[in-house]
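Novice: Got a structure here, written out as structure tokens. Questions coming.
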Amino acid sequence: MDLVSKLIVILISTTVVNNFVFTKFLGTCPYIGVSRQVGMAFGMGCAVTFVTTLSGIMTWLINVKVLTPINMPYLKYIAFIMVIAAMVQLVEMYLRKFFRSLYDAFGIFLPLITTNCVVLGICLFVDLWQYGFLEATVASFGAGLGFTLAICIMAGIRENLEWADMPKALRGAPITLIIAGLLTLAFMGFMGIIKG
Amino acid sequence: MIFENLLATISWSNVGLAGVVLLGVGLLLVAMLNVAYAKLAVKPNPVVEAILGVLPGANCGGCGLAGCSAYAEAVAKDHGLMGRCGPGGDTVVRRIGAILGIEAAASAPRRAVLHCAAKISDKINTTRYQGALSCAEAQMVPGAMGCPYGCLGYRDCVVACAFDAIEIIEGLAVINYHKCVGCGACVKACPRALITLLDFSEDPMLVIACSSIDKAKEVRSYCNVGCVGCGICAKLAPNTFQLQQNLAVIDYQKYGRWADSEKARVKCPRQMMLLVGKNAKIKKIESEKAIVEN
């Protein structure tokens, strides 16, 4: 029972309380770039979740089973990036075959996930927090879920803003950054509930 | 000397081990991706692949689409997008045309023809239009340019043409048949659907340069050269000309430069029919070339 409750706590921590976008400011590039429509944003979020979960598992395996025994933890920076890049290629191939319309819509943004700090961030944080295998899996999945949550909320707000009378200087990125700040303020309500 | 000291302190076995480990990880990922590719490969469309081959590949997004692959797919479906590649320029446009087979076959080139002959001086009873300089906008104002069916002259077709083949001369669009390749962009751009694509079985071709379906009295009230539906052409050359909804129509299946269709053109009381094409005599356009920007 202790493990299950610990896993639930980790999930809530990475998804809501210590959301990677709101509290750690990682992954802001697609957060601002791909959040114009809820459909595209949800697709991007799912792609990122897929990548973070798989990368989290693979990088944990490489880190704990290969790098730690040979006493070369510093290699993780290179190895992690290699794994993440391969995972993104997998996602792109999968999307191109099974979700063609989604691929046409934002396929050009998928390589963004490779260099996206949120994926490397969760892999390195899992290493920092010294999680076990199950905890690493849940944490990675939670990080992706939190990112999806953030980008979908932003997309919902931006879609509604299309109807608003926006001053010309604020249209596009400026108002998005302001909204990001306001959303972070709102999520500060969760601050401190779970340490992380 | 410092360099040699540094070199001595490096544990080369560790470096070797690091290299091997990373190489191993890399090869493992390569194997995994190859397996995935074998199962998830998508067969590309050969036309799209060919077009992608001639594009510059800069993925600049200047065409308004998400990169060169997106543009290749879009242009394969919609030929009117041919002129959109900025970095590619003319060379790329002609190569895409060659791939899509748009460049004229020797037999019957398809070119655009405009069904209106009214210059600014021929349009009477016009409403004074002071709105945005675009045909799509002017179209919504009743009476702008008089005739509700004719050419507005606000350059929507000129802007759409990637080959610089249309000019507005005296308020009327004029197509330059030495440059037109028949891509159809102007056909889509004209809000009044005045331009159609026609197979030029000979050069020049006779065209009914009017689209007005109003009766004679109305047509005379807003245009000096519009078709009044008198039917003289249909009487003189009944095989070629028909009268549909007060407007003369040429049946291009039965068209040929027979003497009677030439007679009909001459006898038309409105002098409304035009001979267009590379060999058409463009009367006085060089000397009176005043590009009217309304």
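Lettering and numbering for the structure tokens are positional, with chains as A, B, ... in the shown order, residues counted from 1 in each chain, and ligands counted from 1 in the shown order.
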Please report as a list in words which residues of chain A come no farther than 9 Å from chain B, using only C-alpha atoms.
Specialist: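 Close enough to count are Ile62, Val66, Leu67, Ile70, Met72, Leu75, Ile78, Ala79, Met82, Val83, Ala86, Met87, Gln89, Leu90, Met93, Tyr94, Arg96, Lys97, Phe98, Asp104, Ala105, Phe106, Gly107 and Ile108 of chain A.
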Novice: Leaving out Leu120 in chain A and any residue of its chain fewer than 4 positions from it, which residues lie within 9 Å of it when counting only C-alpha atoms, given as a tab-separated table (two decimals) with C-alpha atoms, in the first residue's frame?
Specialist:
```tsv
chain	number	residue	atom	x	y	z
A	52	THR	CA	8.54	11.50	-21.90
A	55	SER	CA	12.33	8.21	-22.61
A	56	GLY	CA	11.90	8.15	-18.84
A	77	TYR	CA	23.87	13.91	-20.64
A	80	PHE	CA	19.81	10.76	-22.59
A	81	ILE	CA	19.73	13.09	-25.59
A	84	ILE	CA	15.14	11.19	-26.59
A	114	THR	CA	13.74	16.49	-29.24
A	115	THR	CA	15.40	19.66	-28.05
A	116	ASN	CA	12.58	20.38	-25.66
A	124	LEU	CA	17.49	14.35	-15.20
A	125	PHE	CA	15.08	15.04	-12.34
```
Novice: Residues within 10 Å of range 270-275 of chain B, please, as an MDAnalysis selection string. Count only C-alpha atoms; anything in the same chain fewer than 5 positions from it doesn't count.
Specialist: chainID B and resid 114:118 203:210 220 223:228 230 248 262 264:265 280:282
Novice: Looking only at helix (DSSP H, G or I) from DSSP on the backbone, list the matching residues of range 9-168 of chain A as a tab-separated table (two decimals) with N, CA and C atoms, in the first residue's frame.
Specialist:
```tsv
chain	number	residue	atom	x	y	z
A	9	VAL	N	1.10	9.98	-5.08
A	9	VAL	CA	1.64	11.28	-4.69
A	9	VAL	C	2.58	11.81	-5.77
A	10	ILE	N	3.42	10.91	-6.30
A	10	ILE	CA	4.35	11.34	-7.36
A	10	ILE	C	3.57	11.81	-8.58
A	11	LEU	N	2.51	11.09	-8.93
A	11	LEU	CA	1.73	11.48	-10.10
A	11	LEU	C	1.12	12.87	-9.92
A	12	ILE	N	0.53	13.09	-8.74
A	12	ILE	CA	-0.10	14.40	-8.52
A	12	ILE	C	0.96	15.48	-8.46
A	13	SER	N	2.12	15.11	-7.92
A	13	SER	CA	3.19	16.11	-7.81
A	13	SER	C	3.64	16.58	-9.19
A	14	THR	N	3.95	15.64	-10.07
A	14	THR	CA	4.50	16.06	-11.38
A	14	THR	C	3.43	16.64	-12.29
A	15	THR	N	2.16	16.24	-12.07
A	15	THR	CA	1.12	16.75	-12.97
A	15	THR	C	0.63	18.13	-12.57
A	16	VAL	N	0.33	18.30	-11.29
A	16	VAL	CA	-0.37	19.52	-10.90
A	16	VAL	C	0.45	20.41	-9.98
A	17	VAL	N	0.97	19.79	-8.88
A	17	VAL	CA	1.59	20.63	-7.85
A	17	VAL	C	2.92	21.20	-8.34
A	28	THR	N	8.51	25.73	-22.56
A	28	THR	CA	7.72	26.89	-22.93
A	28	THR	C	7.68	27.10	-24.44
A	29	CYS	N	8.61	26.48	-25.17
A	29	CYS	CA	8.63	26.71	-26.61
A	29	CYS	C	7.38	26.16	-27.30
A	30	PRO	N	7.08	24.86	-27.17
A	30	PRO	CA	5.83	24.39	-27.76
A	30	PRO	C	4.61	24.93	-27.01
A	31	TYR	N	4.76	25.23	-25.73
A	31	TYR	CA	3.67	25.76	-24.92
A	31	TYR	C	3.14	27.05	-25.54
A	32	ILE	N	4.04	27.89	-26.05
A	32	ILE	CA	3.60	29.13	-26.69
A	32	ILE	C	3.38	28.93	-28.18
A	33	GLY	N	4.16	28.04	-28.78
A	33	GLY	CA	4.11	27.91	-30.23
A	33	GLY	C	2.96	27.08	-30.77
A	38	VAL	N	-7.10	23.93	-29.66
A	38	VAL	CA	-7.14	22.87	-28.67
A	38	VAL	C	-6.81	21.52	-29.29
A	39	GLY	N	-7.26	21.29	-30.53
A	39	GLY	CA	-6.99	20.01	-31.18
A	39	GLY	C	-5.50	19.76	-31.34
A	40	MET	N	-4.83	20.76	-31.91
A	40	MET	CA	-3.38	20.64	-32.12
A	40	MET	C	-2.64	20.55	-30.80
A	41	ALA	N	-3.10	21.35	-29.82
A	41	ALA	CA	-2.43	21.36	-28.52
A	41	ALA	C	-2.54	19.99	-27.86
A	42	PHE	N	-3.72	19.39	-27.93
A	42	PHE	CA	-3.89	18.07	-27.33
A	42	PHE	C	-3.02	17.04	-28.03
A	43	GLY	N	-2.93	17.17	-29.37
A	43	GLY	CA	-2.06	16.25	-30.11
A	43	GLY	C	-0.61	16.39	-29.69
A	44	MET	N	-0.18	17.65	-29.56
A	44	MET	CA	1.20	17.89	-29.13
A	44	MET	C	1.43	17.34	-27.75
A	45	GLY	N	0.46	17.57	-26.86
A	45	GLY	CA	0.58	17.07	-25.49
A	45	GLY	C	0.70	15.56	-25.46
A	46	CYS	N	-0.11	14.88	-26.27
A	46	CYS	CA	-0.04	13.43	-26.32
A	46	CYS	C	1.32	12.97	-26.83
A	47	ALA	N	1.83	13.66	-27.87
A	47	ALA	CA	3.14	13.29	-28.40
A	47	ALA	C	4.22	13.45	-27.34
A	48	VAL	N	4.16	14.58	-26.60
A	48	VAL	CA	5.16	14.82	-25.55
A	48	VAL	C	5.02	13.77	-24.47
A	49	THR	N	3.79	13.42	-24.07
A	49	THR	CA	3.60	12.40	-23.04
A	49	THR	C	4.19	11.06	-23.48
A	50	PHE	N	3.92	10.70	-24.72
A	50	PHE	CA	4.48	9.47	-25.28
A	50	PHE	C	6.00	9.49	-25.17
A	51	VAL	N	6.60	10.61	-25.58
A	51	VAL	CA	8.06	10.70	-25.58
A	51	VAL	C	8.62	10.67	-24.17
A	52	THR	N	7.98	11.45	-23.25
A	52	THR	CA	8.54	11.50	-21.90
A	52	THR	C	8.44	10.15	-21.22
A	53	THR	N	7.32	9.45	-21.39
A	53	THR	CA	7.17	8.16	-20.72
A	53	THR	C	8.20	7.16	-21.22
A	54	LEU	N	8.27	7.01	-22.54
A	54	LEU	CA	9.23	6.06	-23.08
A	54	LEU	C	10.67	6.46	-22.76
A	55	SER	N	10.96	7.76	-22.90
A	55	SER	CA	12.33	8.21	-22.61
A	55	SER	C	12.64	8.02	-21.15
A	56	GLY	N	11.66	8.32	-20.27
A	56	GLY	CA	11.90	8.15	-18.84
A	56	GLY	C	12.30	6.73	-18.51
A	57	ILE	N	11.57	5.78	-19.10
A	57	ILE	CA	11.86	4.37	-18.82
A	57	ILE	C	13.24	3.99	-19.36
A	58	MET	N	13.48	4.34	-20.63
A	58	MET	CA	14.74	3.93	-21.26
A	58	MET	C	15.93	4.59	-20.60
A	59	THR	N	15.79	5.86	-20.28
A	59	THR	CA	16.95	6.54	-19.67
A	59	THR	C	17.20	6.01	-18.27
A	60	TRP	N	16.14	5.66	-17.54
A	60	TRP	CA	16.35	5.07	-16.21
A	60	TRP	C	17.14	3.78	-16.33
A	61	LEU	N	16.73	2.94	-17.31
A	61	LEU	CA	17.41	1.66	-17.52
A	61	LEU	C	18.88	1.88	-17.85
A	62	ILE	N	19.14	2.80	-18.77
A	62	ILE	CA	20.53	3.03	-19.17
A	62	ILE	C	21.34	3.59	-18.01
A	63	ASN	N	20.71	4.50	-17.26
A	63	ASN	CA	21.42	5.15	-16.18
A	63	ASN	C	21.77	4.15	-15.07
A	64	VAL	N	20.75	3.39	-14.63
A	64	VAL	CA	20.94	2.53	-13.47
A	64	VAL	C	21.66	1.23	-13.83
A	65	LYS	N	21.37	0.67	-14.99
A	65	LYS	CA	21.92	-0.65	-15.33
A	65	LYS	C	23.26	-0.59	-16.05
A	66	VAL	N	23.52	0.55	-16.77
A	66	VAL	CA	24.75	0.61	-17.56
A	66	VAL	C	25.74	1.62	-17.01
A	67	LEU	N	25.26	2.86	-16.78
A	67	LEU	CA	26.20	3.91	-16.45
A	67	LEU	C	26.68	3.86	-15.00
A	73	PRO	N	28.64	8.37	-14.40
A	73	PRO	CA	27.33	9.04	-14.45
A	73	PRO	C	27.33	10.26	-15.34
A	74	TYR	N	28.50	10.82	-15.63
A	74	TYR	CA	28.55	12.04	-16.45
A	74	TYR	C	28.17	11.77	-17.90
A	75	LEU	N	28.15	10.48	-18.31
A	75	LEU	CA	27.77	10.18	-19.69
A	75	LEU	C	26.27	10.32	-19.93
A	76	LYS	N	25.54	10.50	-18.80
A	76	LYS	CA	24.09	10.48	-18.97
A	76	LYS	C	23.60	11.64	-19.85
A	77	TYR	N	24.33	12.78	-19.84
A	77	TYR	CA	23.87	13.91	-20.64
A	77	TYR	C	23.83	13.58	-22.11
A	78	ILE	N	24.83	12.89	-22.59
A	78	ILE	CA	24.86	12.52	-24.00
A	78	ILE	C	23.88	11.38	-24.27
A	79	ALA	N	23.93	10.38	-23.42
A	79	ALA	CA	23.10	9.19	-23.66
A	79	ALA	C	21.63	9.54	-23.64
A	80	PHE	N	21.23	10.40	-22.70
A	80	PHE	CA	19.81	10.76	-22.59
A	80	PHE	C	19.33	11.44	-23.86
A	81	ILE	N	20.14	12.37	-24.38
A	81	ILE	CA	19.73	13.09	-25.59
A	81	ILE	C	19.58	12.12	-26.76
A	82	MET	N	20.49	11.14	-26.84
A	82	MET	CA	20.40	10.17	-27.94
A	82	MET	C	19.09	9.41	-27.84
A	83	VAL	N	18.76	8.99	-26.63
A	83	VAL	CA	17.52	8.23	-26.44
A	83	VAL	C	16.30	9.08	-26.81
A	84	ILE	N	16.29	10.32	-26.34
A	84	ILE	CA	15.14	11.19	-26.59
A	84	ILE	C	14.96	11.43	-28.09
A	85	ALA	N	16.07	11.65	-28.78
A	85	ALA	CA	15.98	11.88	-30.23
A	85	ALA	C	15.39	10.67	-30.93
A	86	ALA	N	15.82	9.47	-30.52
A	86	ALA	CA	15.29	8.25	-31.14
A	86	ALA	C	13.80	8.11	-30.86
A	87	MET	N	13.38	8.44	-29.63
A	87	MET	CA	11.97	8.33	-29.28
A	87	MET	C	11.12	9.27	-30.12
A	88	VAL	N	11.64	10.47	-30.35
A	88	VAL	CA	10.88	11.43	-31.16
A	88	VAL	C	10.72	10.92	-32.58
A	89	GLN	N	11.76	10.28	-33.11
A	89	GLN	CA	11.64	9.70	-34.44
A	89	GLN	C	10.56	8.64	-34.47
A	90	LEU	N	10.50	7.86	-33.40
A	90	LEU	CA	9.46	6.83	-33.28
A	90	LEU	C	8.07	7.47	-33.33
A	91	VAL	N	7.91	8.53	-32.53
A	91	VAL	CA	6.62	9.21	-32.49
A	91	VAL	C	6.25	9.72	-33.88
A	92	GLU	N	7.23	10.30	-34.57
A	92	GLU	CA	6.95	10.86	-35.89
A	92	GLU	C	6.51	9.77	-36.85
A	93	MET	N	7.22	8.63	-36.81
A	93	MET	CA	6.84	7.53	-37.71
A	93	MET	C	5.45	7.04	-37.40
A	94	TYR	N	5.14	6.92	-36.09
A	94	TYR	CA	3.84	6.41	-35.66
A	94	TYR	C	2.73	7.35	-36.11
A	95	LEU	N	2.95	8.65	-35.87
A	95	LEU	CA	1.94	9.64	-36.25
A	95	LEU	C	1.74	9.66	-37.74
A	96	ARG	N	2.83	9.57	-38.51
A	96	ARG	CA	2.72	9.67	-39.96
A	96	ARG	C	1.89	8.51	-40.51
A	97	LYS	N	1.98	7.36	-39.83
A	97	LYS	CA	1.25	6.20	-40.35
A	97	LYS	C	-0.20	6.20	-39.90
A	98	PHE	N	-0.43	6.48	-38.61
A	98	PHE	CA	-1.77	6.26	-38.08
A	98	PHE	C	-2.61	7.51	-37.89
A	100	ARG	N	-2.61	10.63	-39.88
A	100	ARG	CA	-2.06	11.41	-40.98
A	100	ARG	C	-2.44	12.89	-40.89
A	101	SER	N	-3.70	13.15	-40.55
A	101	SER	CA	-4.15	14.54	-40.53
A	101	SER	C	-3.43	15.32	-39.45
A	102	LEU	N	-3.23	14.66	-38.29
A	102	LEU	CA	-2.51	15.33	-37.21
A	102	LEU	C	-1.07	15.60	-37.63
A	103	TYR	N	-0.48	14.61	-38.33
A	103	TYR	CA	0.90	14.77	-38.80
A	103	TYR	C	1.01	15.95	-39.76
A	104	ASP	N	0.02	16.08	-40.67
A	104	ASP	CA	0.04	17.20	-41.61
A	104	ASP	C	-0.10	18.52	-40.88
A	105	ALA	N	-0.91	18.51	-39.80
A	105	ALA	CA	-1.17	19.77	-39.12
A	105	ALA	C	0.05	20.27	-38.36
A	106	PHE	N	0.68	19.41	-37.53
A	106	PHE	CA	1.80	19.94	-36.77
A	106	PHE	C	3.02	19.05	-36.79
A	107	GLY	N	3.15	18.22	-37.82
A	107	GLY	CA	4.33	17.36	-37.94
A	107	GLY	C	5.62	18.14	-37.94
A	108	ILE	N	5.54	19.39	-38.44
A	108	ILE	CA	6.75	20.20	-38.52
A	108	ILE	C	7.24	20.59	-37.14
A	109	PHE	N	6.34	20.54	-36.13
A	109	PHE	CA	6.75	20.92	-34.77
A	109	PHE	C	7.29	19.74	-33.97
A	111	PRO	N	9.98	17.74	-34.27
A	111	PRO	CA	11.39	17.78	-33.85
A	111	PRO	C	11.65	18.75	-32.71
A	112	LEU	N	10.68	19.68	-32.48
A	112	LEU	CA	10.80	20.57	-31.32
A	112	LEU	C	10.90	19.77	-30.03
A	113	ILE	N	10.24	18.60	-30.01
A	113	ILE	CA	10.21	17.82	-28.77
A	113	ILE	C	11.60	17.28	-28.45
A	114	THR	N	12.41	17.06	-29.48
A	114	THR	CA	13.74	16.49	-29.24
A	114	THR	C	14.57	17.43	-28.38
A	117	CYS	N	13.28	21.09	-23.46
A	117	CYS	CA	13.90	20.88	-22.16
A	117	CYS	C	13.04	20.06	-21.21
A	118	VAL	N	11.72	19.97	-21.48
A	118	VAL	CA	10.89	19.26	-20.52
A	118	VAL	C	11.21	17.77	-20.52
A	119	VAL	N	11.57	17.22	-21.67
A	119	VAL	CA	11.85	15.79	-21.73
A	119	VAL	C	13.18	15.48	-21.06
A	120	LEU	N	14.22	16.23	-21.44
A	120	LEU	CA	15.52	16.02	-20.78
A	120	LEU	C	15.40	16.35	-19.30
A	121	GLY	N	14.55	17.37	-19.01
A	121	GLY	CA	14.37	17.77	-17.62
A	121	GLY	C	13.85	16.64	-16.76
A	122	ILE	N	12.79	15.97	-17.22
A	122	ILE	CA	12.22	14.91	-16.39
A	122	ILE	C	13.20	13.76	-16.24
A	123	CYS	N	13.97	13.45	-17.30
A	123	CYS	CA	14.96	12.37	-17.19
A	123	CYS	C	16.01	12.71	-16.14
A	124	LEU	N	16.46	13.97	-16.17
A	124	LEU	CA	17.49	14.35	-15.20
A	124	LEU	C	16.94	14.48	-13.79
A	125	PHE	N	15.68	14.93	-13.67
A	125	PHE	CA	15.08	15.04	-12.34
A	125	PHE	C	14.89	13.66	-11.71
A	126	VAL	N	14.48	12.71	-12.54
A	126	VAL	CA	14.32	11.34	-12.02
A	126	VAL	C	15.64	10.83	-11.49
A	127	ASP	N	16.72	11.20	-12.20
A	127	ASP	CA	18.05	10.81	-11.72
A	127	ASP	C	18.39	11.55	-10.42
A	128	LEU	N	17.99	12.83	-10.36
A	128	LEU	CA	18.30	13.63	-9.16
A	128	LEU	C	17.56	13.11	-7.94
A	133	PHE	N	12.30	2.14	-10.46
A	133	PHE	CA	11.78	1.97	-11.83
A	133	PHE	C	10.33	2.42	-11.95
A	134	LEU	N	9.47	1.92	-11.06
A	134	LEU	CA	8.05	2.28	-11.14
A	134	LEU	C	7.84	3.76	-10.90
A	135	GLU	N	8.60	4.28	-9.92
A	135	GLU	CA	8.46	5.71	-9.62
A	135	GLU	C	8.88	6.56	-10.81
A	136	ALA	N	9.97	6.11	-11.49
A	136	ALA	CA	10.45	6.86	-12.66
A	136	ALA	C	9.39	6.86	-13.75
A	137	THR	N	8.76	5.69	-13.96
A	137	THR	CA	7.74	5.60	-15.00
A	137	THR	C	6.58	6.55	-14.71
A	138	VAL	N	6.10	6.49	-13.47
A	138	VAL	CA	4.95	7.32	-13.11
A	138	VAL	C	5.32	8.80	-13.18
A	139	ALA	N	6.52	9.14	-12.72
A	139	ALA	CA	6.93	10.54	-12.75
A	139	ALA	C	7.00	11.05	-14.20
A	140	SER	N	7.57	10.24	-15.10
A	140	SER	CA	7.67	10.68	-16.49
A	140	SER	C	6.30	10.86	-17.10
A	141	PHE	N	5.43	9.88	-16.83
A	141	PHE	CA	4.08	9.98	-17.37
A	141	PHE	C	3.38	11.22	-16.81
A	142	GLY	N	3.57	11.46	-15.51
A	142	GLY	CA	2.94	12.63	-14.90
A	142	GLY	C	3.44	13.93	-15.47
A	143	ALA	N	4.75	13.98	-15.79
A	143	ALA	CA	5.30	15.20	-16.38
A	143	ALA	C	4.65	15.48	-17.73
A	144	GLY	N	4.52	14.42	-18.54
A	144	GLY	CA	3.87	14.58	-19.84
A	144	GLY	C	2.42	15.01	-19.68
A	145	LEU	N	1.75	14.41	-18.70
A	145	LEU	CA	0.35	14.75	-18.45
A	145	LEU	C	0.22	16.20	-18.02
A	146	GLY	N	1.12	16.64	-17.15
A	146	GLY	CA	1.11	18.03	-16.70
A	146	GLY	C	1.33	18.99	-17.86
A	147	PHE	N	2.24	18.62	-18.75
A	147	PHE	CA	2.49	19.46	-19.92
A	147	PHE	C	1.25	19.54	-20.79
A	148	THR	N	0.59	18.38	-20.98
A	148	THR	CA	-0.64	18.37	-21.78
A	148	THR	C	-1.70	19.25	-21.16
A	149	LEU	N	-1.82	19.15	-19.81
A	149	LEU	CA	-2.78	19.99	-19.11
A	149	LEU	C	-2.50	21.46	-19.36
A	150	ALA	N	-1.22	21.84	-19.20
A	150	ALA	CA	-0.86	23.25	-19.37
A	150	ALA	C	-1.15	23.74	-20.79
A	151	ILE	N	-0.74	22.95	-21.78
A	151	ILE	CA	-0.89	23.43	-23.16
A	151	ILE	C	-2.35	23.45	-23.58
A	152	CYS	N	-3.17	22.53	-23.05
A	152	CYS	CA	-4.59	22.54	-23.43
A	152	CYS	C	-5.32	23.70	-22.79
A	153	ILE	N	-4.98	24.02	-21.54
A	153	ILE	CA	-5.61	25.19	-20.90
A	153	ILE	C	-5.27	26.44	-21.70
A	154	MET	N	-3.98	26.56	-22.06
A	154	MET	CA	-3.56	27.73	-22.82
A	154	MET	C	-4.27	27.80	-24.17
A	155	ALA	N	-4.42	26.66	-24.82
A	155	ALA	CA	-5.09	26.64	-26.13
A	155	ALA	C	-6.54	27.04	-25.99
A	156	GLY	N	-7.20	26.56	-24.93
A	156	GLY	CA	-8.59	26.92	-24.70
A	156	GLY	C	-8.75	28.43	-24.51
A	157	ILE	N	-7.84	29.01	-23.74
A	157	ILE	CA	-7.91	30.46	-23.52
A	157	ILE	C	-7.64	31.21	-24.82
A	158	ARG	N	-6.64	30.77	-25.55
A	158	ARG	CA	-6.28	31.49	-26.78
A	158	ARG	C	-7.36	31.37	-27.84
A	159	GLU	N	-8.05	30.22	-27.87
A	159	GLU	CA	-9.14	30.08	-28.85
A	159	GLU	C	-10.24	31.08	-28.54
A	160	ASN	N	-10.56	31.25	-27.28
A	160	ASN	CA	-11.59	32.21	-26.92
A	160	ASN	C	-11.15	33.65	-27.13
A	161	LEU	N	-9.85	33.87	-27.00
A	161	LEU	CA	-9.34	35.23	-27.20
A	161	LEU	C	-9.49	35.70	-28.63
A	168	LYS	N	-3.33	45.83	-31.07
A	168	LYS	CA	-2.50	45.21	-32.10
A	168	LYS	C	-1.14	44.79	-31.55
```
Novice: Got a sec to tell me which of range 38-285 of chain B DSSP assigns to strand (DSSP E or B), as a ChimeraX atom specification?
Specialist: /B:110-114,123,127,144,166-169,172-175,195-199,205-208,223,241-244,247-250,273-276
Novice: Find, counting only C-alpha atoms, the residue in B:Met145, B:Leu243, B:Ala74, B:Leu198 that gets nearest to Gly231 in chain B.
Specialist: B:Leu243
Novice: Using CA of Cys233 in chain B and CA of Lys254 in chain B as the two end points, give the distance in Å to one decimal.
Specialist: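 Those two atoms sit 14.4 Å apart.
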Novice: Pick out the closest residue to Ala193 in chain B from this set: B:Gly131, B:Gly143, B:Gly171, B:Gly150. Count only C-alpha atoms.
Specialist: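 Selected residue with least distance to Ala193 in chain B: B:Gly150.
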